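Here is the structure we will look at.
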Protein chains: 2
Amino acid sequence: MAGPVPSTDLVADVLAGRTRGIARLITRAEAGGAECRPALAEIYRHTGRAHVVGMTGVPGSGKSTLVRALAQALRANGRTVAVVAIDPSSPFSGGAILGDRIRMNDIAADPGIFIRSMATRGALGGLARATLDAVDLLDAAGFDLVIIETVGVGQDEVDVVQAAHTTAVISAPGLGDDIQAIKAGILEIADIHVVSKCDRADANKTVTDLKQMLMLGLPASLDGQWPAPVIATSAETGEGVGELVTEIDRHRAYLDESGRIGDQRRRIAERRTLKIAEEIIRSRFVARRAGAVAGMLERVCARDLDPHSAALQLLHTLHEDRDDDQNA
Amino acid sequence: MAGPVPSTDLVADVLAGRTRGIARLITRAEAGGAECRPALAEIYRHTGRAHVVGMTGVPGSGKSTLVRALAQALRANGRTVAVVAIDPSSPFSGGAILGDRIRMNDIAADPGIFIRSMATRGALGGLARATLDAVDLLDAAGFDLVIIETVGVGQDEVDVVQAAHTTAVISAPGLGDDIQAIKAGILEIADIHVVSKCDRADANKTVTDLKQMLMLGLPASLDGQWPAPVIATSAETGEGVGELVTEIDRHRAYLDESGRIGDQRRRIAERRTLKIAEEIIRSRFVARRAGAVAGMLERVCARDLDPHSAALQLLHTLHEDRDDDQNA
């Protein structure tokens with residue numbers, strides 16, 4: 001007779017910081033159903049306290065290892081930490097491939113640390129939305145810091161990291177040219193530059209190159225008032241991890257004292273709302289694709305209607321007939 | 001007195017295959033203005049003849065070198081070829097970093113080859129839309145094959161490659177674990193698997209590993225009827241490039257003979273129309289963000305309104321007040 005616990009009944013669990021309630025609501029947020037939406041709306045009212053830190057870097061940069069070291073250092077410092085990691089797994093199967101979950105396991109026994117991998121959700125999207133729902137839940141649950149760990153490639157990943165208050169971009173010595181080129185594209189979102197694997201002999205060159213680029217004003221920082229520091233770290237020896245904690249705190253203090261945190265919150269709200277609006281459009285589209293929309297798409301296939309005109313018609317059709325928003 | 005040539009006046013140039021008209025209209029499509037839209041709608045009526053090939057692989061897979069070798073082999077075969085390459089450059093500055101343009105230059109003197117790099121266009125998006133506009137222009141201009149070259153990471157890139165009739169995924173020997181994991185995520189979109197750098201000693205293992213994975217049914221192919229071949233190539237020695245041409249042609253013949261090409265065209269039209277609809281929403285949003293939308297976002301910042309409810313209100317507001325669609 002009893003169905004699953006209604007999501008709204010889990011809100012109190014989350015606000016009390018109970019792991020099981022948090023994990024269940026994240027899973028429901030990931031599934032994207034309508035049932036959990038009132039709960040997430042209520043949770044949202046209790047957010048805004050946690051400091052959200054984005055940690056991003058190209059594949060091979062030692063990101064996961066560094067996030068683990070950072071989480072441990074923050075715990076040693078008396079803070080509670082949650083990590084939301086985005087798996088660079090298949091956009092089709094949604095299956096997790098990377099071993100982040102496993103690699104993080106050895107610190108998962110501590111109740112002051114919460115770790116969660118998000119799987120990508122395919123062409124329908126929703127990864128960024130679900131990830132930020134998870135950040136809300138962890139914020140409302142009282143974690144002092146919430147770390148979003150993501151590979152620094154692709155618009156979705158950049159969107160997610162843009163929802164952090166402080167973003168650290170991780171560079172590593174000894175990566176190939178192509179990798180370095182991609183990395184260059186994300187350097188400008190860095191509030192803090194981290195060079196990993198500084199136990200390696202060639203790491204000094206990476207630090208020097210990065211400092212020189214910054215001295216030349218390349219890339220220009222998105223926040224001209226804050227000179228992004230460069231920190232040499234080694235997850236092996238622990239070098240620089242304490243300094244990373246210090247710089248994260250210093251950046252947060254800067255945001256608060258300068259008033260920049262207000263601009264940042266507005267920008268985050270804007271991006272997030274727009275992203276959800278897009279997801280709603282996709283969802284309405286999927287619900288209608290067999291009906292009103294099918295004939296229009298046939299005309300596009302027949303070269304009888306161009307895709308831009310079709311898109312304008314589509315938006316009109318979806319708006320006129322939006323009774324399925326409970327599934328959006 | 002005379003302004004710039006209206007885009008509609010360039011349509012005849014494109015249909016006659018004149019490079020200058022093609023290049024100018026691609027630039028206008030990239031800028032995303034409304035002026036070129038009637039021209040692109042007209043161009044669209046003349047598309048559907050070219051075979052569109054997606055070439056994708058992780059950074060370091062030797063993608064650009066292989067695309068160059070493939071383009072040369074196709075030319076030697078009497079076919080005309082256009083390449084649209086997506087730069088994995090900054091989503092913020094839009095600046096090109098990779099040297100694809102330069103690397104391709106040595107074959108750019110041949111009028112039967114057209115090469116174009118697309119820059120990513122930032123948070124407003126539009127990369128996928130502009131890339132497919134460019135493919136339309138090259139298709140209508142009469143190129144036999146249009147190759148879309150893209151790094152195989154991120155939803156935007158996957159969306160673009162899904163607009164190809166034949167997708168080749170490039171693997172390379174000797175990449176790190178993290179890189180291989182990302183690659184695993186795109187293997188299932190492959191109609192053809194290509195292993196590059198087969199002049200290297202460790203390439204055999206990559207070929208064997210891939211064949212074993214496929215024998216185990218991992219990853220499952222998206223098209224169960226077509227067993228994706230594995231081709232060992234070396235752009236250095238030319239090994240396997242001829243075989244790649246043969247397999248691309250064989251896949252196209254399969255699509256035509258099986259009737260799968262019809263399903264594929266419908267799926268491409270669907271994804272493309274939806275993507276443009278999303279871009280229109282973003283564009284309307286940008287035009288309204290200082291006005292009606294600002295107050296609503298303030299309420300989101302104040303935790304007085306949750307982002308999902310805000311997104312629903314936003315869609316309603318943008319629909320009611322959409323007189324700026326000429327800029328969409």
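Chains: A, B, ... in order of the structure tokens. Residues: from 1 per chain. Ligands: from 1, in order shown.
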
Residues within 8 Å of Ala164 in chain B, only C-alpha atoms, excluding chain neighbours under 3 positions, as a PyMOL selection string: chain B and resi 52-54+148+160-161+167

Wanna dump the range 192-223 of chain A-range 231-250 of chain A contacts at 8 Å for me, each residue with its shortest atom pair and the distance in Å to one decimal, counting only C-alpha atoms, ordered by chain and number, as JSON lines?
{"residue": "A:Ile192", "atom": "CA", "partner": "A:Glu247", "partner_atom": "CA", "distance": 7.4}
{"residue": "A:His193", "atom": "CA", "partner": "A:Ile231", "partner_atom": "CA", "distance": 6.1}
{"residue": "A:Val194", "atom": "CA", "partner": "A:Ile231", "partner_atom": "CA", "distance": 4.8}
{"residue": "A:Val195", "atom": "CA", "partner": "A:Ala232", "partner_atom": "CA", "distance": 4.9}
{"residue": "A:Ser196", "atom": "CA", "partner": "A:Thr233", "partner_atom": "CA", "distance": 5.0}
{"residue": "A:Lys197", "atom": "CA", "partner": "A:Ser234", "partner_atom": "CA", "distance": 4.8}
{"residue": "A:Cys198", "atom": "CA", "partner": "A:Ser234", "partner_atom": "CA", "distance": 5.0}
{"residue": "A:Asp199", "atom": "CA", "partner": "A:Ser234", "partner_atom": "CA", "distance": 5.9}
{"residue": "A:Val207", "atom": "CA", "partner": "A:Ala232", "partner_atom": "CA", "distance": 7.0}

Write a file of the selected residues as a PDB file, in the first residue's frame, keeping C-alpha atoms.
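Saved to result25.pdb:
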ATOM      1  CA  ILE A 192      43.155  30.225  -8.957  1.00  0.00           C
ATOM      2  CA  HIS A 193      45.658  28.399 -11.149  1.00  0.00           C
ATOM      3  CA  VAL A 194      46.874  25.080  -9.841  1.00  0.00           C
ATOM      4  CA  VAL A 195      49.797  23.149 -11.308  1.00  0.00           C
ATOM      5  CA  SER A 196      49.570  19.502 -10.292  1.00  0.00           C
ATOM      6  CA  LYS A 197      52.199  16.746 -10.170  1.00  0.00           C
ATOM      7  CA  CYS A 198      54.928  19.130  -8.953  1.00  0.00           C
ATOM      8  CA  ASP A 199      56.946  16.147  -7.791  1.00  0.00           C
ATOM      9  CA  VAL A 207      54.637  26.936 -13.451  1.00  0.00           C
TER      10      VAL A 207
END

As an exercise, work out the distance from CA of Met215 in chain A to CA of Val230 in chain A in Å and give it to one decimal place. 11.4 Å

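What separates CA of Ala128 in chain A from CA of Asp159 in chain A is a distance of 7.0 Å.
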
Over every C-alpha pair, in sequence order, do a least-squares fit of chain B onto chain A and save the fitted chain as a compact mmCIF listing (two decimals) with C-alpha atoms, in the first residue's frame.
# COMPACT_ATOMS: atom_id res chain seq x y z
CA MET B 1 0.01 -0.07 0.05
CA ALA B 2 2.77 2.43 0.93
CA GLY B 3 4.49 3.93 -2.14
CA PRO B 4 7.90 5.53 -2.10
CA VAL B 5 8.44 8.31 0.44
CA PRO B 6 7.24 11.62 -1.09
CA SER B 7 10.17 13.92 -1.81
CA THR B 8 8.72 16.67 0.39
CA ASP B 9 9.02 14.27 3.36
CA LEU B 10 12.78 14.09 2.72
CA VAL B 11 13.32 17.85 3.00
CA ALA B 12 13.61 17.77 6.81
CA ASP B 13 16.20 14.98 6.52
CA VAL B 14 18.25 17.08 4.13
CA LEU B 15 18.06 20.19 6.31
CA ALA B 16 19.22 18.06 9.25
CA GLY B 17 22.19 16.92 7.13
CA ARG B 18 21.15 13.27 7.00
CA THR B 19 23.10 11.53 4.24
CA ARG B 20 20.38 9.12 3.19
CA GLY B 21 17.84 11.85 2.47
CA ILE B 22 20.43 13.88 0.56
CA ALA B 23 21.42 10.89 -1.58
CA ARG B 24 17.80 9.99 -2.37
CA LEU B 25 16.84 13.51 -3.38
CA ILE B 26 19.94 13.84 -5.58
CA THR B 27 18.94 10.61 -7.33
CA ARG B 28 15.43 11.96 -7.90
CA ALA B 29 16.78 15.30 -9.14
CA GLU B 30 19.02 13.38 -11.56
CA ALA B 31 16.02 11.44 -12.89
CA GLY B 32 14.41 14.82 -13.57
CA GLY B 33 10.83 13.94 -12.65
CA ALA B 34 8.22 16.46 -11.54
CA GLU B 35 7.48 14.80 -8.21
CA CYS B 36 10.60 16.17 -6.51
CA ARG B 37 10.18 19.74 -7.77
CA PRO B 38 8.27 21.19 -4.80
CA ALA B 39 10.91 19.66 -2.51
CA LEU B 40 13.74 21.22 -4.54
CA ALA B 41 11.92 24.59 -4.53
CA GLU B 42 11.71 24.40 -0.73
CA ILE B 43 15.38 23.35 -0.47
CA TYR B 44 16.37 26.32 -2.61
CA ARG B 45 15.08 28.73 0.07
CA HIS B 46 17.66 27.30 2.47
CA THR B 47 20.67 27.71 0.18
CA GLY B 48 23.27 30.43 -0.14
CA ARG B 49 25.50 29.60 2.81
CA ALA B 50 28.02 27.13 1.33
CA HIS B 51 31.06 28.28 -0.58
CA VAL B 52 30.91 26.58 -3.98
CA VAL B 53 34.28 25.78 -5.55
CA GLY B 54 34.72 24.60 -9.14
CA MET B 55 37.74 22.38 -9.84
CA THR B 56 38.34 21.88 -13.52
CA GLY B 57 41.14 20.68 -15.76
CA VAL B 58 41.72 18.62 -18.86
CA PRO B 59 41.89 14.83 -18.75
CA GLY B 60 45.22 13.74 -17.32
CA SER B 61 45.65 16.82 -15.16
CA GLY B 62 45.36 14.83 -11.94
CA LYS B 63 42.12 16.56 -11.01
CA SER B 64 40.50 13.76 -8.99
CA THR B 65 43.62 13.13 -6.93
CA LEU B 66 43.92 16.82 -6.13
CA VAL B 67 40.24 17.13 -5.19
CA ARG B 68 40.73 14.25 -2.77
CA ALA B 69 43.79 15.92 -1.22
CA LEU B 70 41.91 19.24 -0.98
CA ALA B 71 38.89 17.60 0.68
CA GLN B 72 41.16 15.97 3.24
CA ALA B 73 42.98 19.25 3.96
CA LEU B 74 39.67 21.07 4.44
CA ARG B 75 38.47 18.37 6.83
CA ALA B 76 41.72 18.58 8.81
CA ASN B 77 40.93 22.30 8.97
CA GLY B 78 37.57 21.57 10.63
CA ARG B 79 35.35 22.23 7.62
CA THR B 80 32.75 19.87 6.13
CA VAL B 81 33.07 19.19 2.40
CA ALA B 82 30.83 17.79 -0.33
CA VAL B 83 32.11 16.84 -3.79
CA VAL B 84 29.91 16.60 -6.88
CA ALA B 85 31.91 15.02 -9.72
CA ILE B 86 30.70 14.93 -13.30
CA ASP B 87 31.62 11.75 -15.14
CA PRO B 88 32.88 12.28 -18.66
CA SER B 89 30.99 9.18 -19.65
CA SER B 90 28.86 8.37 -22.62
CA PRO B 91 26.17 10.87 -23.58
CA PHE B 92 24.20 7.87 -24.83
CA SER B 93 24.42 5.08 -22.30
CA GLY B 94 24.93 7.32 -19.32
CA GLY B 95 27.27 4.66 -17.97
CA ALA B 96 30.08 5.75 -15.69
CA ILE B 97 33.50 4.83 -16.96
CA LEU B 98 36.02 6.75 -14.90
CA GLY B 99 36.93 5.44 -11.48
CA ASP B 100 36.37 8.70 -9.58
CA ARG B 101 33.89 7.02 -7.30
CA ILE B 102 36.39 4.30 -6.48
CA ARG B 103 39.36 6.61 -6.10
CA MET B 104 37.42 8.73 -3.62
CA ASN B 105 36.21 5.74 -1.60
CA ASP B 106 39.04 5.70 0.92
CA ILE B 107 37.87 8.98 2.41
CA ALA B 108 34.16 8.23 2.16
CA ALA B 109 33.93 6.79 5.69
CA ASP B 110 34.08 10.30 7.20
CA PRO B 111 30.54 11.73 7.70
CA GLY B 112 31.94 15.25 7.21
CA ILE B 113 32.64 14.39 3.57
CA PHE B 114 29.95 13.60 1.01
CA ILE B 115 30.89 12.43 -2.49
CA ARG B 116 28.65 12.02 -5.48
CA SER B 117 29.30 11.29 -9.16
CA MET B 118 26.74 12.60 -11.63
CA ALA B 119 26.31 10.71 -14.89
CA THR B 120 25.72 12.66 -18.09
CA ARG B 121 22.13 12.32 -19.25
CA GLY B 122 22.27 12.17 -23.02
CA ALA B 123 20.86 14.35 -25.74
CA LEU B 124 17.95 15.51 -23.60
CA GLY B 125 20.49 17.32 -21.43
CA GLY B 126 19.79 18.14 -17.83
CA LEU B 127 23.29 17.47 -16.53
CA ALA B 128 23.94 21.08 -15.54
CA ARG B 129 20.48 21.39 -13.99
CA ALA B 130 20.79 18.17 -11.98
CA THR B 131 24.31 19.06 -10.83
CA LEU B 132 23.17 22.42 -9.50
CA ASP B 133 20.18 20.77 -7.80
CA ALA B 134 22.71 18.51 -6.06
CA VAL B 135 24.79 21.54 -5.05
CA ASP B 136 21.61 23.12 -3.57
CA LEU B 137 20.86 19.99 -1.58
CA LEU B 138 24.40 19.87 -0.17
CA ASP B 139 24.37 23.61 0.56
CA ALA B 140 21.03 23.34 2.40
CA ALA B 141 22.35 20.27 4.25
CA GLY B 142 24.96 22.50 5.82
CA PHE B 143 28.23 21.54 4.12
CA ASP B 144 30.72 24.39 4.46
CA LEU B 145 32.21 23.85 1.02
CA VAL B 146 30.73 22.19 -2.04
CA ILE B 147 33.29 21.27 -4.70
CA ILE B 148 32.12 20.72 -8.28
CA GLU B 149 34.70 18.58 -10.07
CA THR B 150 34.44 18.57 -13.85
CA VAL B 151 36.57 18.02 -16.92
CA GLY B 152 37.18 21.40 -18.49
CA VAL B 153 35.93 20.70 -21.99
CA GLY B 154 32.53 21.36 -23.48
CA GLN B 155 29.86 23.97 -22.95
CA ASP B 156 27.88 21.98 -20.38
CA GLU B 157 30.95 21.62 -18.19
CA VAL B 158 31.81 25.30 -18.49
CA ASP B 159 28.19 26.21 -17.62
CA VAL B 160 28.40 24.13 -14.47
CA VAL B 161 31.71 25.58 -13.35
CA GLN B 162 30.36 29.08 -13.91
CA ALA B 163 27.95 28.38 -11.07
CA ALA B 164 30.86 28.21 -8.62
CA HIS B 165 31.99 31.16 -6.49
CA THR B 166 35.65 30.24 -6.86
CA THR B 167 37.04 28.35 -9.84
CA ALA B 168 40.40 26.59 -9.80
CA VAL B 169 41.83 25.45 -13.14
CA ILE B 170 44.33 22.63 -12.92
CA SER B 171 47.28 22.36 -15.29
CA ALA B 172 49.73 19.49 -15.38
CA PRO B 173 53.23 19.10 -16.77
CA GLY B 174 53.91 16.80 -19.70
CA LEU B 175 50.61 16.84 -21.58
CA GLY B 176 50.54 16.90 -25.37
CA ASP B 177 50.02 19.93 -27.58
CA ASP B 178 46.36 19.26 -28.32
CA ILE B 179 45.61 18.93 -24.62
CA GLN B 180 47.44 22.16 -23.80
CA ALA B 181 45.44 23.95 -26.48
CA ILE B 182 42.15 22.92 -24.93
CA LYS B 183 43.46 23.93 -21.55
CA ALA B 184 44.32 27.38 -22.86
CA GLY B 185 40.63 27.83 -23.60
CA ILE B 186 39.64 27.47 -19.96
CA LEU B 187 42.52 29.35 -18.32
CA GLU B 188 40.59 32.61 -18.32
CA ILE B 189 37.83 31.27 -16.07
CA ALA B 190 40.42 30.61 -13.32
CA ASP B 191 40.31 32.49 -10.05
CA ILE B 192 43.16 30.23 -8.95
CA HIS B 193 45.66 28.40 -11.14
CA VAL B 194 46.88 25.08 -9.83
CA VAL B 195 49.79 23.16 -11.30
CA SER B 196 49.57 19.51 -10.29
CA LYS B 197 52.19 16.76 -10.16
CA CYS B 198 54.92 19.14 -8.96
CA ASP B 199 56.95 16.16 -7.78
CA ARG B 200 57.78 15.76 -11.49
CA ALA B 201 60.95 17.32 -12.86
CA ASP B 202 59.19 19.16 -15.70
CA ALA B 203 56.60 20.83 -13.45
CA ASN B 204 58.75 23.91 -12.89
CA LYS B 205 58.52 24.77 -16.55
CA THR B 206 54.71 24.54 -16.43
CA VAL B 207 54.61 26.93 -13.44
CA THR B 208 57.02 29.37 -15.11
CA ASP B 209 55.15 29.28 -18.45
CA LEU B 210 51.84 29.94 -16.71
CA LYS B 211 53.23 32.84 -14.66
CA GLN B 212 54.74 34.38 -17.79
CA MET B 213 51.44 34.09 -19.66
CA LEU B 214 49.64 35.80 -16.79
CA MET B 215 52.27 38.58 -16.62
CA LEU B 216 51.65 39.23 -20.30
CA GLY B 217 47.95 39.55 -19.52
CA LEU B 218 47.18 36.37 -21.47
CA PRO B 219 44.60 35.18 -20.84
CA ALA B 220 42.86 38.24 -19.46
CA SER B 221 41.20 37.35 -16.21
CA LEU B 222 37.40 37.68 -16.21
CA ASP B 223 37.78 39.65 -12.97
CA GLY B 224 40.41 42.32 -13.52
CA GLN B 225 40.57 43.25 -9.82
CA TRP B 226 41.64 39.81 -8.66
CA PRO B 227 45.11 38.67 -9.75
CA ALA B 228 44.76 34.89 -10.00
CA PRO B 229 47.58 33.19 -8.06
CA VAL B 230 49.54 30.20 -9.38
CA ILE B 231 49.98 27.36 -6.89
CA ALA B 232 52.36 24.44 -7.37
CA THR B 233 50.89 21.29 -5.83
CA SER B 234 51.67 17.63 -5.46
CA ALA B 235 48.99 15.29 -4.23
CA GLU B 236 51.81 12.76 -3.66
CA THR B 237 53.84 14.89 -1.24
CA GLY B 238 51.03 17.19 -0.12
CA GLU B 239 52.95 20.24 -1.34
CA GLY B 240 50.77 23.28 -2.02
CA VAL B 241 47.48 21.78 -0.86
CA GLY B 242 47.44 23.95 2.28
CA GLU B 243 48.19 26.97 0.12
CA LEU B 244 45.24 26.06 -2.11
CA VAL B 245 42.94 26.09 0.95
CA THR B 246 44.33 29.51 1.92
CA GLU B 247 43.78 30.95 -1.57
CA ILE B 248 40.21 29.60 -1.79
CA ASP B 249 39.44 31.33 1.51
CA ARG B 250 41.21 34.50 0.40
CA HIS B 251 39.17 34.58 -2.83
CA ARG B 252 35.94 34.18 -0.93
CA ALA B 253 36.92 37.03 1.42
CA TYR B 254 37.71 39.17 -1.62
CA LEU B 255 34.27 38.45 -3.14
CA ASP B 256 32.52 39.42 0.09
CA GLU B 257 34.59 42.53 0.83
CA SER B 258 34.51 43.89 -2.73
CA GLY B 259 30.79 43.25 -3.14
CA ARG B 260 31.55 41.17 -6.25
CA ILE B 261 29.60 38.29 -4.69
CA GLY B 262 26.37 40.15 -5.53
CA ASP B 263 27.19 40.39 -9.27
CA GLN B 264 28.23 36.78 -9.21
CA ARG B 265 24.98 35.62 -7.64
CA ARG B 266 23.00 37.51 -10.28
CA ARG B 267 25.05 35.96 -13.09
CA ILE B 268 24.65 32.48 -11.60
CA ALA B 269 20.85 32.93 -11.28
CA GLU B 270 20.64 34.15 -14.87
CA ARG B 271 22.60 31.27 -16.40
CA ARG B 272 20.82 28.71 -14.31
CA THR B 273 17.30 29.93 -15.10
CA LEU B 274 18.06 30.05 -18.81
CA LYS B 275 19.50 26.54 -18.75
CA ILE B 276 16.36 25.19 -17.11
CA ALA B 277 14.16 27.03 -19.64
CA GLU B 278 16.03 25.21 -22.40
CA GLU B 279 15.53 21.90 -20.68
CA ILE B 280 11.78 22.58 -20.42
CA ILE B 281 11.63 23.29 -24.17
CA ARG B 282 13.42 19.99 -24.91
CA SER B 283 11.07 18.14 -22.61
CA ARG B 284 7.93 19.63 -24.22
CA PHE B 285 9.40 18.76 -27.59
CA VAL B 286 9.95 15.11 -26.67
CA ALA B 287 6.36 14.89 -25.40
CA ARG B 288 5.02 16.28 -28.71
CA ARG B 289 7.40 14.77 -31.25
CA ALA B 290 5.03 12.01 -32.28
CA GLY B 291 2.11 14.41 -32.67
CA ALA B 292 1.89 17.94 -33.98
CA VAL B 293 5.62 18.23 -34.49
CA ALA B 294 6.13 15.17 -36.73
CA GLY B 295 4.49 16.62 -39.84
CA MET B 296 6.56 19.76 -39.59
CA LEU B 297 9.78 17.75 -39.35
CA GLU B 298 8.77 15.79 -42.47
CA ARG B 299 8.62 19.09 -44.35
CA VAL B 300 12.15 19.91 -43.10
CA CYS B 301 13.38 16.53 -44.38
CA ALA B 302 11.71 17.19 -47.74
CA ARG B 303 13.57 20.56 -47.99
CA ASP B 304 10.14 22.18 -48.07
CA LEU B 305 10.72 24.12 -44.84
CA ASP B 306 14.07 25.38 -43.55
CA PRO B 307 15.18 24.54 -39.99
CA HIS B 308 15.07 28.12 -38.70
CA SER B 309 11.47 28.70 -39.80
CA ALA B 310 10.63 25.28 -38.37
CA ALA B 311 12.18 26.24 -35.02
CA LEU B 312 10.06 29.40 -34.81
CA GLN B 313 6.90 27.39 -35.57
CA LEU B 314 7.98 24.79 -33.04
CA LEU B 315 8.29 27.32 -30.20
CA HIS B 316 4.84 28.63 -31.01
CA THR B 317 3.31 25.12 -31.10
CA LEU B 318 4.97 24.10 -27.82
CA HIS B 319 3.76 27.24 -26.10
CA GLU B 320 0.16 26.86 -27.29
CA ASP B 321 0.04 23.28 -26.11
CA ARG B 322 2.00 23.06 -22.88
CA ASP B 323 -0.24 20.96 -20.63
CA ASP B 324 2.60 18.49 -20.07
CA ASP B 325 4.76 20.85 -18.05
CA GLN B 326 4.42 18.62 -15.04
CA ASN B 327 6.84 16.35 -16.87
CA ALA B 328 9.14 19.16 -17.92
